[in-house]
Structure formats: structure tokens, C-alpha cells
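my_file27.pdb, holding PDB, C-alpha atoms, pLDDT in the B column:
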```pdb
ATOM      1  CA  MET A  83     -21.439 -44.450  22.538  1.00 55.00           C
ATOM      2  CA  ALA A  84     -23.994 -46.227  20.419  1.00 58.00           C
ATOM      3  CA  GLU A  85     -26.889 -48.218  21.767  1.00 63.00           C
ATOM      4  CA  ILE A  86     -29.206 -50.626  20.078  1.00 59.00           C
ATOM      5  CA  GLN A  87     -32.744 -50.524  21.380  1.00 60.00           C
ATOM      6  CA  GLN A  88     -35.055 -53.452  20.861  1.00 59.00           C
ATOM      7  CA  LYS A  89     -38.764 -53.069  20.443  1.00 58.00           C
ATOM      8  CA  GLY A  90     -40.931 -55.312  22.505  1.00 56.00           C
ATOM      9  CA  ASP A  91     -43.025 -58.227  21.114  1.00 55.00           C
ATOM     10  CA  SER A  92     -46.469 -57.032  19.975  1.00 55.00           C
ATOM     11  CA  GLY A  93     -48.129 -60.269  21.028  1.00 56.00           C
ATOM     12  CA  LYS A  94     -49.922 -60.918  17.746  1.00 59.00           C
ATOM     13  CA  GLY A  95     -50.039 -64.387  16.430  1.00 59.00           C
ATOM     14  CA  GLY A  96     -49.050 -65.531  13.004  1.00 65.00           C
ATOM     15  CA  LYS A  97     -45.833 -64.987  11.215  1.00 71.00           C
ATOM     16  CA  LYS A  98     -42.937 -63.888  13.169  1.00 74.00           C
ATOM     17  CA  ARG A  99     -41.249 -60.965  11.661  1.00 72.00           C
ATOM     18  CA  ALA A 100     -37.661 -59.989  12.118  1.00 74.00           C
ATOM     19  CA  LYS A 101     -37.277 -57.637  14.972  1.00 76.00           C
ATOM     20  CA  LYS A 102     -36.597 -54.079  13.919  1.00 75.00           C
ATOM     21  CA  MET A 103     -33.638 -52.661  15.663  1.00 76.00           C
ATOM     22  CA  SER A 104     -33.293 -48.888  16.029  1.00 77.00           C
ATOM     23  CA  THR A 105     -29.972 -47.266  16.735  1.00 80.00           C
ATOM     24  CA  LYS A 106     -29.281 -44.259  18.822  1.00 83.00           C
ATOM     25  CA  ILE A 107     -25.884 -42.613  18.436  1.00 85.00           C
ATOM     26  CA  ASP A 108     -24.538 -40.480  21.217  1.00 87.00           C
ATOM     27  CA  MET A 109     -22.858 -37.451  19.515  1.00 88.00           C
ATOM     28  CA  THR A 110     -21.232 -36.029  22.645  1.00 91.00           C
ATOM     29  CA  PRO A 111     -17.760 -37.559  22.112  1.00 91.00           C
ATOM     30  CA  MET A 112     -17.680 -36.419  18.471  1.00 92.00           C
ATOM     31  CA  VAL A 113     -18.626 -32.843  19.440  1.00 93.00           C
ATOM     32  CA  ASP A 114     -15.944 -32.893  22.142  1.00 94.00           C
ATOM     33  CA  LEU A 115     -13.375 -34.047  19.609  1.00 94.00           C
ATOM     34  CA  ALA A 116     -14.445 -31.378  17.103  1.00 95.00           C
ATOM     35  CA  PHE A 117     -14.035 -28.619  19.682  1.00 95.00           C
ATOM     36  CA  LEU A 118     -10.666 -29.988  20.802  1.00 95.00           C
ATOM     37  CA  LEU A 119      -9.420 -29.991  17.198  1.00 95.00           C
ATOM     38  CA  LEU A 120     -10.839 -26.539  16.587  1.00 94.00           C
ATOM     39  CA  THR A 121      -9.142 -25.184  19.700  1.00 94.00           C
ATOM     40  CA  PHE A 122      -5.861 -26.879  18.788  1.00 93.00           C
ATOM     41  CA  PHE A 123      -5.781 -25.417  15.265  1.00 91.00           C
ATOM     42  CA  MET A 124      -6.794 -21.965  16.461  1.00 89.00           C
ATOM     43  CA  LEU A 125      -3.979 -21.879  18.998  1.00 89.00           C
ATOM     44  CA  THR A 126      -1.275 -23.306  16.728  1.00 90.00           C
ATOM     45  CA  THR A 127      -1.971 -21.288  13.568  1.00 86.00           C
ATOM     46  CA  THR A 128       0.073 -18.217  12.683  1.00 82.00           C
ATOM     47  CA  PHE A 129      -1.848 -15.048  12.131  1.00 79.00           C
ATOM     48  CA  ALA A 130      -1.315 -12.855   9.082  1.00 79.00           C
ATOM     49  CA  LYS A 131       1.804 -10.812   9.589  1.00 80.00           C
ATOM     50  CA  PRO A 132       1.648  -7.171   8.529  1.00 79.00           C
ATOM     51  CA  ASN A 133       3.503  -6.304   5.344  1.00 78.00           C
ATOM     52  CA  VAL A 134       6.068  -3.602   5.914  1.00 77.00           C
ATOM     53  CA  MET A 135       7.815  -1.667   3.187  1.00 70.00           C
ATOM     54  CA  GLN A 136      11.556  -1.362   3.685  1.00 73.00           C
ATOM     55  CA  LEU A 137      12.593   2.263   3.603  1.00 69.00           C
ATOM     56  CA  THR A 138      16.225   3.137   4.040  1.00 70.00           C
ATOM     57  CA  MET A 139      16.801   6.683   5.181  1.00 69.00           C
ATOM     58  CA  PRO A 140      20.215   8.305   5.373  1.00 68.00           C
ATOM     59  CA  VAL A 141      21.595   9.579   8.642  1.00 73.00           C
ATOM     60  CA  LYS A 142      21.006  13.296   9.019  1.00 75.00           C
ATOM     61  CA  GLU A 143      24.230  15.148   9.671  1.00 76.00           C
ATOM     62  CA  LYS A 144      24.298  18.121  12.021  1.00 79.00           C
ATOM     63  CA  ASN A 145      26.531  20.245   9.792  1.00 79.00           C
ATOM     64  CA  PRO A 146      26.115  19.046   6.197  1.00 74.00           C
ATOM     65  CA  ASN A 147      28.769  20.070   3.722  1.00 76.00           C
ATOM     66  CA  PRO A 148      27.130  21.417   0.525  1.00 72.00           C
ATOM     67  CA  GLU A 149      30.050  20.152  -1.568  1.00 73.00           C
ATOM     68  CA  GLU A 150      29.496  16.557  -0.434  1.00 69.00           C
ATOM     69  CA  GLN A 151      25.783  16.516  -1.221  1.00 70.00           C
ATOM     70  CA  THR A 152      24.626  14.669  -4.311  1.00 71.00           C
ATOM     71  CA  LYS A 153      24.127  16.918  -7.298  1.00 78.00           C
ATOM     72  CA  ILE A 154      21.111  16.154  -9.467  1.00 80.00           C
ATOM     73  CA  LYS A 155      21.075  16.821 -13.179  1.00 83.00           C
ATOM     74  CA  ALA A 156      17.974  18.670 -14.337  1.00 82.00           C
ATOM     75  CA  SER A 157      17.625  16.207 -17.218  1.00 84.00           C
ATOM     76  CA  GLN A 158      17.234  13.300 -14.779  1.00 87.00           C
ATOM     77  CA  ALA A 159      14.970  14.987 -12.237  1.00 89.00           C
ATOM     78  CA  VAL A 160      11.222  14.557 -11.910  1.00 92.00           C
ATOM     79  CA  THR A 161       9.658  16.698  -9.194  1.00 93.00           C
ATOM     80  CA  VAL A 162       6.453  15.268  -7.722  1.00 94.00           C
ATOM     81  CA  ILE A 163       4.491  17.522  -5.376  1.00 93.00           C
ATOM     82  CA  LEU A 164       1.847  15.910  -3.190  1.00 93.00           C
ATOM     83  CA  ALA A 165      -0.925  18.481  -3.029  1.00 91.00           C
ATOM     84  CA  PRO A 166      -4.046  18.731  -0.877  1.00 87.00           C
ATOM     85  CA  ASP A 167      -7.282  17.080  -2.109  1.00 86.00           C
ATOM     86  CA  ASN A 168      -5.421  13.948  -3.327  1.00 88.00           C
ATOM     87  CA  LYS A 169      -3.883  15.770  -6.290  1.00 90.00           C
ATOM     88  CA  VAL A 170      -0.385  15.229  -7.596  1.00 93.00           C
ATOM     89  CA  PHE A 171       1.548  18.016  -9.302  1.00 93.00           C
ATOM     90  CA  TYR A 172       4.626  17.129 -11.297  1.00 94.00           C
ATOM     91  CA  PHE A 173       7.137  18.642 -13.660  1.00 92.00           C
ATOM     92  CA  PHE A 174      10.305  17.419 -15.286  1.00 91.00           C
ATOM     93  CA  GLY A 175      13.554  18.966 -14.200  1.00 85.00           C
ATOM     94  CA  LEU A 176      14.361  21.291 -11.323  1.00 84.00           C
ATOM     95  CA  ASN A 177      12.811  24.621 -10.485  1.00 81.00           C
ATOM     96  CA  GLU A 178      16.209  26.235 -10.158  1.00 76.00           C
ATOM     97  CA  PRO A 179      17.033  27.866 -13.470  1.00 63.00           C
ATOM     98  CA  THR A 180      20.646  28.988 -13.306  1.00 59.00           C
ATOM     99  CA  ASP A 181      20.414  31.059 -16.457  1.00 56.00           C
ATOM    100  CA  LYS A 182      17.611  33.092 -17.997  1.00 65.00           C
ATOM    101  CA  SER A 183      17.458  30.955 -21.168  1.00 64.00           C
ATOM    102  CA  VAL A 184      15.943  27.989 -19.278  1.00 66.00           C
ATOM    103  CA  PRO A 185      12.148  28.354 -19.185  1.00 74.00           C
ATOM    104  CA  VAL A 186      10.169  28.058 -15.964  1.00 77.00           C
ATOM    105  CA  PRO A 187       8.775  24.510 -15.752  1.00 83.00           C
ATOM    106  CA  GLU A 188       5.078  23.959 -16.404  1.00 87.00           C
ATOM    107  CA  ILE A 189       3.338  22.057 -13.646  1.00 90.00           C
ATOM    108  CA  LYS A 190       0.960  19.298 -14.688  1.00 92.00           C
ATOM    109  CA  VAL A 191      -1.790  17.831 -12.510  1.00 93.00           C
ATOM    110  CA  THR A 192      -2.648  14.153 -12.115  1.00 92.00           C
ATOM    111  CA  ASP A 193      -3.894  11.723  -9.479  1.00 91.00           C
ATOM    112  CA  PHE A 194      -2.960   8.397  -7.883  1.00 90.00           C
ATOM    113  CA  SER A 195      -4.821   6.170 -10.365  1.00 88.00           C
ATOM    114  CA  ALA A 196      -3.135   3.650 -12.672  1.00 85.00           C
ATOM    115  CA  ASN A 197      -3.433   6.163 -15.531  1.00 92.00           C
ATOM    116  CA  GLY A 198      -2.206   8.977 -13.297  1.00 92.00           C
ATOM    117  CA  ILE A 199       1.195   9.261 -11.678  1.00 93.00           C
ATOM    118  CA  ARG A 200       2.052   5.612 -12.375  1.00 93.00           C
ATOM    119  CA  LYS A 201       1.746   6.153 -16.132  1.00 94.00           C
ATOM    120  CA  VAL A 202       3.806   9.356 -15.886  1.00 93.00           C
ATOM    121  CA  LEU A 203       6.584   7.577 -13.983  1.00 93.00           C
ATOM    122  CA  LEU A 204       6.643   4.599 -16.364  1.00 92.00           C
ATOM    123  CA  ASP A 205       6.737   6.876 -19.419  1.00 93.00           C
ATOM    124  CA  ARG A 206       9.552   8.913 -17.898  1.00 92.00           C
ATOM    125  CA  LYS A 207      11.478   5.737 -17.107  1.00 91.00           C
ATOM    126  CA  LYS A 208      11.291   4.771 -20.804  1.00 92.00           C
ATOM    127  CA  GLN A 209      12.629   8.196 -21.843  1.00 91.00           C
ATOM    128  CA  GLN A 210      15.238   8.507 -19.094  1.00 86.00           C
ATOM    129  CA  PRO A 211      16.594   5.115 -17.924  1.00 84.00           C
ATOM    130  CA  GLU A 212      17.480   6.236 -14.384  1.00 88.00           C
ATOM    131  CA  PRO A 213      15.288   9.152 -13.332  1.00 91.00           C
ATOM    132  CA  ILE A 214      15.634  10.706  -9.913  1.00 92.00           C
ATOM    133  CA  ILE A 215      12.253  11.414  -8.349  1.00 93.00           C
ATOM    134  CA  LEU A 216      11.995  14.282  -5.864  1.00 92.00           C
ATOM    135  CA  ILE A 217       8.902  13.837  -3.689  1.00 94.00           C
ATOM    136  CA  GLU A 218       7.747  17.054  -2.027  1.00 92.00           C
ATOM    137  CA  PRO A 219       4.682  17.095   0.256  1.00 93.00           C
ATOM    138  CA  TYR A 220       2.893  20.430   0.011  1.00 91.00           C
ATOM    139  CA  VAL A 221       2.810  22.335   3.291  1.00 87.00           C
ATOM    140  CA  ALA A 222       1.966  26.026   2.941  1.00 82.00           C
ATOM    141  CA  ASP A 223      -0.855  28.517   3.472  1.00 81.00           C
ATOM    142  CA  GLY A 224      -2.573  26.295   6.033  1.00 83.00           C
ATOM    143  CA  LYS A 225      -2.991  23.532   3.435  1.00 87.00           C
ATOM    144  CA  GLU A 226      -1.041  20.335   3.487  1.00 88.00           C
ATOM    145  CA  ALA A 227      -0.840  16.938   1.843  1.00 89.00           C
ATOM    146  CA  LYS A 228      -2.171  13.914   3.677  1.00 91.00           C
ATOM    147  CA  TYR A 229      -0.069  11.116   5.107  1.00 90.00           C
ATOM    148  CA  LYS A 230      -2.039   8.639   2.973  1.00 92.00           C
ATOM    149  CA  ASN A 231      -0.723  10.399  -0.146  1.00 92.00           C
ATOM    150  CA  MET A 232       2.847   9.879   1.053  1.00 91.00           C
ATOM    151  CA  VAL A 233       2.186   6.164   1.500  1.00 90.00           C
ATOM    152  CA  ASP A 234       0.521   6.020  -1.932  1.00 92.00           C
ATOM    153  CA  ILE A 235       3.466   7.667  -3.693  1.00 93.00           C
ATOM    154  CA  LEU A 236       5.928   5.342  -1.946  1.00 91.00           C
ATOM    155  CA  ASP A 237       3.815   2.421  -3.167  1.00 91.00           C
ATOM    156  CA  GLU A 238       4.004   3.849  -6.688  1.00 92.00           C
ATOM    157  CA  MET A 239       7.791   4.013  -6.387  1.00 91.00           C
ATOM    158  CA  ASN A 240       7.773   0.301  -5.561  1.00 90.00           C
ATOM    159  CA  ILE A 241       5.292  -0.602  -8.305  1.00 91.00           C
ATOM    160  CA  THR A 242       7.171   1.316 -11.010  1.00 91.00           C
ATOM    161  CA  ASP A 243      10.504  -0.010  -9.710  1.00 90.00           C
ATOM    162  CA  GLN A 244      12.126   3.398  -9.233  1.00 90.00           C
ATOM    163  CA  LYS A 245      15.672   3.032  -7.958  1.00 88.00           C
ATOM    164  CA  LYS A 246      16.381   6.627  -6.932  1.00 89.00           C
ATOM    165  CA  TYR A 247      13.903   8.838  -5.149  1.00 90.00           C
ATOM    166  CA  ALA A 248      14.114  11.301  -2.298  1.00 88.00           C
ATOM    167  CA  LEU A 249      11.675  12.797   0.178  1.00 89.00           C
ATOM    168  CA  VAL A 250      12.450  16.490   0.414  1.00 89.00           C
ATOM    169  CA  ASN A 251      10.806  19.570   1.883  1.00 89.00           C
ATOM    170  CA  ILE A 252       8.967  21.701  -0.630  1.00 90.00           C
ATOM    171  CA  SER A 253      10.982  24.745  -1.638  1.00 87.00           C
ATOM    172  CA  LYS A 254       9.672  28.297  -1.621  1.00 89.00           C
ATOM    173  CA  LYS A 255      10.271  28.475  -5.375  1.00 88.00           C
ATOM    174  CA  ASP A 256       7.980  25.507  -5.935  1.00 88.00           C
ATOM    175  CA  VAL A 257       5.246  27.037  -3.740  1.00 88.00           C
ATOM    176  CA  GLU A 258       5.528  30.290  -5.712  1.00 88.00           C
ATOM    177  CA  LEU A 259       5.373  28.359  -8.995  1.00 87.00           C
ATOM    178  CA  ILE A 260       2.158  26.615  -7.892  1.00 88.00           C
ATOM    179  CA  LYS A 261       0.616  29.941  -6.858  1.00 87.00           C
ATOM    180  CA  LYS A 262       1.737  31.584 -10.098  1.00 88.00           C
ATOM    181  CA  GLN A 263      -0.024  28.885 -12.123  1.00 86.00           C
ATOM    182  CA  ASN A 264      -3.176  29.109  -9.926  1.00 84.00           C
ATOM    183  CA  LEU A 265      -3.324  25.389  -9.149  1.00 82.00           C
ATOM    184  CA  LEU A 266      -4.576  25.659  -5.563  1.00 74.00           C
TER     185      LEU A 266
END
```

Can you present the structure in this file as C-alpha cells?
Amino acid sequence: MAEIQQKGDSGKGGKKRAKKMSTKIDMTPMVDLAFLLLTFFMLTTTFAKPNVMQLTMPVKEKNPNPEEQTKIKASQAVTVILAPDNKVFYFFGLNEPTDKSVPVPEIKVTDFSANGIRKVLLDRKKQQPEPIILIEPYVADGKEAKYKNMVDILDEMNITDQKKYALVNISKKDVELIKKQNLL
């Protein structure tokens, strides 16, 4: 609490002056209250909850029927290959030419920057209203894409508002195409 201390009389004669009062404030109760409030708010606050991306995966069938699988038109497809060293290879269409008149796709190289794969996906979405993105992590010859790249490409799918995309294993034809174009 607060106390008022009086100074003693100096014993000098003459005018009497008003006595100077000094105050002393005990800060202990205020510090106690501050720590009680601090403890209360620390215990009752909610901590930041981790943000989780919703990813819906289909149920894997033991004996899939090839006739029931979704067919993808080459005009709608964009194949994105997650390569080692944080590179992204992509080409439009499928690497499954059914006739000899269809040329082998040319693989282009980009990265995960805003002017990289994001720009490619947004430009493709303007050209083709509902593209289907095939995401293939590169795993061959002892080299493989990093898990961080998979998370980054899934973030890009969210940012560019892609409705249809699939995570698929890289095909042998795509690995051969990368080797043929000397990209790794």
C-alpha cells in the first residue's frame, strides 16, 4: 500500500513552512496483479493452428479395369515433371503418340518462381479453360525430386486454382524423352 512519511521539525525559528510530505508507493501488489493477468492470458489464449491443405485422393483398387479409367485428351493435358535441383520440366500434351504424324513433345525447363511454373499454368488456363495437369516426380538413375518440390507444386495448383490435377508415377517414355533432350 501507500505510506505518507513526514519529515521531522528542523527546529529553526522564524516562519513556519508547510511540511513537505513524501510518498512511498509499494509496487508489490501491482506486480502480483500483472503476473496474474499475464499468466491468465497465456493459459487461455489459443495458439496458432497449423494450416493444412485438403487433398482428396481416390481409393486405390486392387484390380483396376483399364476401361473404367479416365481418359485424358492430349489437347487438355499438361505434363509437369518435378526434376532434381529444384527444376521443373513441362510439356503440353501426352508423351504417347498413337500415330507417327504427331511430333514428340519438346520439354521446356522452368522453376518455382512467380514467373516460372505459375505463369505457365495461368497462361495455359487462358488457352485451355479446363486443363488437366499431370504431376510426375522424377525418380530414375539415382536422382529424384525432393518432397519440398511436391509441396510447392501442390501450392501452385491451389494458387492458380487448377481444378483437375493428378499425381502420377513418371513413365519410362518420359524418362527417355528427358535423356534424349539432355536435360539432366

Which residues of stretch 94-207 of chain A have any atom within 7 Å of an atom in stretch 228-232 of chain A when counting only C-alpha atoms, and what is the closest pair of atoms for each, with the distance in Å to one decimal? Order the rows by chain and rising number and write it as JSON lines.
```
{"residue": "A:Leu164", "atom": "CA", "partner": "A:Asn231", "partner_atom": "CA", "distance": 6.8}
{"residue": "A:Pro166", "atom": "CA", "partner": "A:Lys228", "partner_atom": "CA", "distance": 6.9}
{"residue": "A:Asn168", "atom": "CA", "partner": "A:Asn231", "partner_atom": "CA", "distance": 6.7}
```

### Message
Taking the file as I've supplied it (selection: the PyMOL selection byres ((chain A and resi 249) around 12)), which residues are included? Please answer as JSON, numbers by chain.
### Response
{"A": [137, 138, 139, 140, 161, 162, 163, 164, 214, 215, 216, 217, 218, 219, 220, 232, 233, 235, 236, 239, 246, 247, 248, 250, 251, 252]}

### Query
Where does the PyMOL selection byres ((chain A and resi 193) around 12) land in this file, that is, which residues does it pick, as a VMD selection string?
chain A and resid 162 to 172 190 to 192 194 to 202 231 234 to 235 238

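Put simply, atom CA of A:Phe174 is 18.6 Å away from atom CA of A:Asn264.
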
### Query
So which residues get picked by the PyMOL selection byres ((chain A and resi 187) around 12) here, written as number ranges by chain?
A: 156, 159-161, 171-179, 184-186, 188-190, 255-256, 259-260, 262-263

Would you put the residues from that selection into a file with C-alpha atoms, as a tab-separated table (two decimals), in the coordinates of the input?
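This is the output file selection-v9.tsv:
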```tsv
chain	number	residue	atom	x	y	z
A	156	ALA	CA	17.97	18.67	-14.34
A	159	ALA	CA	14.97	14.99	-12.24
A	160	VAL	CA	11.22	14.56	-11.91
A	161	THR	CA	9.66	16.70	-9.19
A	171	PHE	CA	1.55	18.02	-9.30
A	172	TYR	CA	4.63	17.13	-11.30
A	173	PHE	CA	7.14	18.64	-13.66
A	174	PHE	CA	10.30	17.42	-15.29
A	175	GLY	CA	13.55	18.97	-14.20
A	176	LEU	CA	14.36	21.29	-11.32
A	177	ASN	CA	12.81	24.62	-10.48
A	178	GLU	CA	16.21	26.24	-10.16
A	179	PRO	CA	17.03	27.87	-13.47
A	184	VAL	CA	15.94	27.99	-19.28
A	185	PRO	CA	12.15	28.35	-19.18
A	186	VAL	CA	10.17	28.06	-15.96
A	188	GLU	CA	5.08	23.96	-16.40
A	189	ILE	CA	3.34	22.06	-13.65
A	190	LYS	CA	0.96	19.30	-14.69
A	255	LYS	CA	10.27	28.48	-5.38
A	256	ASP	CA	7.98	25.51	-5.94
A	259	LEU	CA	5.37	28.36	-8.99
A	260	ILE	CA	2.16	26.62	-7.89
A	262	LYS	CA	1.74	31.58	-10.10
A	263	GLN	CA	-0.02	28.88	-12.12
```

For stretch 218-228 of chain A, what centre and edge lengths in Å (one decimal) does the axis-aligned box get once 3 Å is added on each side of all its listed atoms, as lines of an AutoDock Vina configuration file?
```
center_x = 2.4
center_y = 21.2
center_z = 2.0
size_x = 16.7
size_y = 20.6
size_z = 14.1
```

### Distance criterion (all atoms listed in the file): nearest to A:Ala222 out of A:Lys106, A:Lys254, A:Lys245, A:Lys208
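Checking each of A:Lys106, A:Lys254, A:Lys245, A:Lys208 against A:Ala222, counting all atoms listed in the file, the winner is A:Lys254.
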
### Task
Please indicate the distance in Å from atom CA of A:Ser253 to atom CA of A:Lys142, rounded to one decimal place.
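Going from atom CA of A:Ser253 over to atom CA of A:Lys142, I get 18.6 Å.
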
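For the pair atom CA of A:Gln209 and atom CA of A:Ile241, the interatomic distance is 17.7 Å.
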